[in-house]
Amino acid sequence: MIKKNSNISFKNLKENELSIQFNLDGFSFSIYNNSQKKTVYFCEYQFEETQNTPSSLLEKIKEIFKTDIHLQGDFLSVTVIHQNNLSTIVPNLFFDEEKLESYLKYNVKTLTTDFITYDSLANFNAKNVYIPYVNINNYLFQNFGSFEYKHHTTVLIEKIVAINRSNEKTMYVNVTKNSLDIVVLDAKKLLLSNSFFYSSKEDFIYYILFVAEQLKLDTTLFSLYLMGDISLDSDTYNITYKYIKNIYFLESDNAIFNDLKTPKHTNYILLGS
């Protein structure tokens with residue numbers, strides 16, 4: 001595993017809150033101090049190989065917990081973010097808590113043993129229905145007791161809506177090693193939220209242009225904000241720049257970046273403004 005972390009020491013700080021995010025490619029966490037009102041520590045583990053199952057992901061996480069002392073303290077609260085492509089958004093008008101499986105079956109391969117839950121998107125009168133990694137929740141419960149957990153697109157949408165100031169249709173793309181999350185807002189209205197796997201730069205731009213076409217977004221006019229695992233010299237950025245005129249990085253105001261050797265648009269779900 002490759003580990004990246006900030007250098008700030010918080011050994012003597014009390015009133016800490018822990019936020020954890022994980023997917024099949026890695027594990028990261030941040031610690032927010034209530035008394036100082038700021039993020040005091042961030043750490044990211046990147047796996048050398050993508051894990052094939054939630055079981056193998058759990059073994060990686062157990063290894064991290066055994067060796068990282070920053071995860072072994074006492075916390076006022078713990079928030080867990082499940083990052084996967086096993087989700088879909090359902091308007092409240094069509095939502096029935098007894099039919100969760102039916103909302104996923106057209107987009108996600110589900111098993112009868114899968115536990116399905118949902119987050120509420122209060123700003124949009126909708127629910128984000130998804131499958132969390134229950135085995136990892138159980139392990140974290142053993143370590144921390146009760147905690148709150150959400151799907152990563154719920155957190156992403158909440159943070160984007162909070163900072164969006166445009167009254168025009170705007171696209172936000174969160175990039176990871178093998179997938180991209182696309183969120184499109186029209187002022188404070190959610191037009192689309194979806195996640196796609198990609199294996200090449202051509203796949204990457206295809207999904208962006210496909211969404212733009214479906215929502216009738218003019219590639220010479222609409223604004224595209226990028227965040228996550230993408231840089232100016234990456235193939236994914238270069239091909240996107242060929243087709244989209246107005247591209248920006250969505251940078252965070254989080255002061256923790258002063259202690260990190262990473263761009264301010266990375267790790268936005270955990271560290272975003």
# chains A, B, ... in the order shown; residues from 1 in each chain; ligands from 1
$ select_by_dssp --residues "range 69-225 of chain A" --states "helix (DSSP H, G or I)" --output "PyMOL selection string"
chain A and resi 69-71+92-94+97-104+122-124+134-144+152-163+201-214
$ residues_around --residues "range 180-189 of chain A" --least-positions-apart "5" --cutoff "7 Å" --atoms "only C-alpha atoms" --output "VMD selection string"
chain A and resid 161 166 to 175 194 to 197
$ residues_around --residues "Asn85 in chain A" --least-positions-apart "3" --cutoff "12 Å" --atoms "only C-alpha atoms" --output "list of chain:residue names"
A:Asn23, A:Leu24, A:His82, A:Thr88, A:Ile89, A:Leu104, A:Asn107, A:Val108, A:Lys109, A:Asn128, A:Val129, A:Tyr130, A:Ile131, A:Pro132, A:Tyr133, A:His151, A:His152, A:Thr153, A:Thr176, A:Asn178, A:Ser179, A:Leu180, A:Asp181, A:Ile182, A:Ser193, A:Asn194, A:Ser195, A:Phe196, A:Phe197
$ atom_distance --atom1 "CA of Thr53 in chain A" --atom2 "CA of Tyr106 in chain A"
21.2 Å
$ closest_residue --among "A:Pro91, A:Pro263, A:Gly73, A:Gly26" --to "Glu59 in chain A" --atoms "only C-alpha atoms"
A:Gly26
$ residues_around --residues "Ile81 in chain A" --least-positions-apart "2" --cutoff "12 Å" --atoms "only C-alpha atoms" --output "PyMOL selection string"
chain A and resi 18-23+27-30+78-79+83-84+119+130-133+136-137+140+147-156+269-270
$ closest_residue --among "A:Phe65, A:Lys159, A:Thr117, A:Phe249" --to "Leu232 in chain A" --atoms "only C-alpha atoms"
A:Phe249
$ select_by_dssp --residues "range 45-178 of chain A" --states "strand (DSSP E or B)" --output "number ranges by chain"
A: 45-46, 77-82, 87-91, 117-121, 126-130, 148-151, 169-175
$ residues_around --residues "Val134 in chain A" --least-positions-apart "4" --cutoff "12 Å" --atoms "only C-alpha atoms" --output "MDAnalysis selection string"
chainID A and resid 54:55 57:58 80 82 113:117 130 138:141 149
$ write_last_selection --atoms "C-alpha atoms" --output "mmCIF file, in the first residue's frame"
data_model
loop_
_atom_site.group_PDB
_atom_site.id
_atom_site.type_symbol
_atom_site.label_atom_id
_atom_site.label_comp_id
_atom_site.auth_asym_id
_atom_site.auth_seq_id
_atom_site.Cartn_x
_atom_site.Cartn_y
_atom_site.Cartn_z
ATOM 1 C CA PRO A 54 -15.684 -6.618 0.046
ATOM 2 C CA SER A 55 -14.013 -9.480 1.945
ATOM 3 C CA LEU A 57 -11.203 -4.975 1.177
ATOM 4 C CA LEU A 58 -12.003 -5.737 4.804
ATOM 5 C CA VAL A 80 -18.295 6.315 7.432
ATOM 6 C CA HIS A 82 -19.113 3.882 1.401
ATOM 7 C CA THR A 113 -28.636 -11.640 0.812
ATOM 8 C CA ASP A 114 -27.672 -8.031 0.041
ATOM 9 C CA PHE A 115 -28.553 -5.421 2.628
ATOM 10 C CA ILE A 116 -30.016 -2.349 0.900
ATOM 11 C CA THR A 117 -30.489 1.014 2.573
ATOM 12 C CA TYR A 130 -27.547 1.808 -2.203
ATOM 13 C CA ASN A 138 -19.741 -4.664 11.349
ATOM 14 C CA TYR A 139 -15.983 -4.441 11.819
ATOM 15 C CA LEU A 140 -16.111 -0.688 12.421
ATOM 16 C CA PHE A 141 -18.926 -1.162 14.932
ATOM 17 C CA TYR A 149 -22.731 6.044 7.465
#
$ closest_residue --among "A:Lys216, A:Asp235, A:Lys261, A:Asn143" --to "Lys66 in chain A" --atoms "only C-alpha atoms"
A:Asn143
$ closest_residue --among "A:Ser234, A:Asn16, A:Asn123, A:Asn135" --to "Asn33 in chain A" --atoms "only C-alpha atoms"
A:Asn16
$ atom_distance --atom1 "CA of Phe124 in chain A" --atom2 "CA of Phe95 in chain A"
13.0 Å
$ atom_distance --atom1 "CA of Lys99 in chain A" --atom2 "CA of Ala122 in chain A"
19.8 Å
$ closest_residue --among "A:Tyr103, A:Phe42, A:Phe222, A:Tyr32" --to "Thr262 in chain A" --atoms "only C-alpha atoms"
A:Phe42
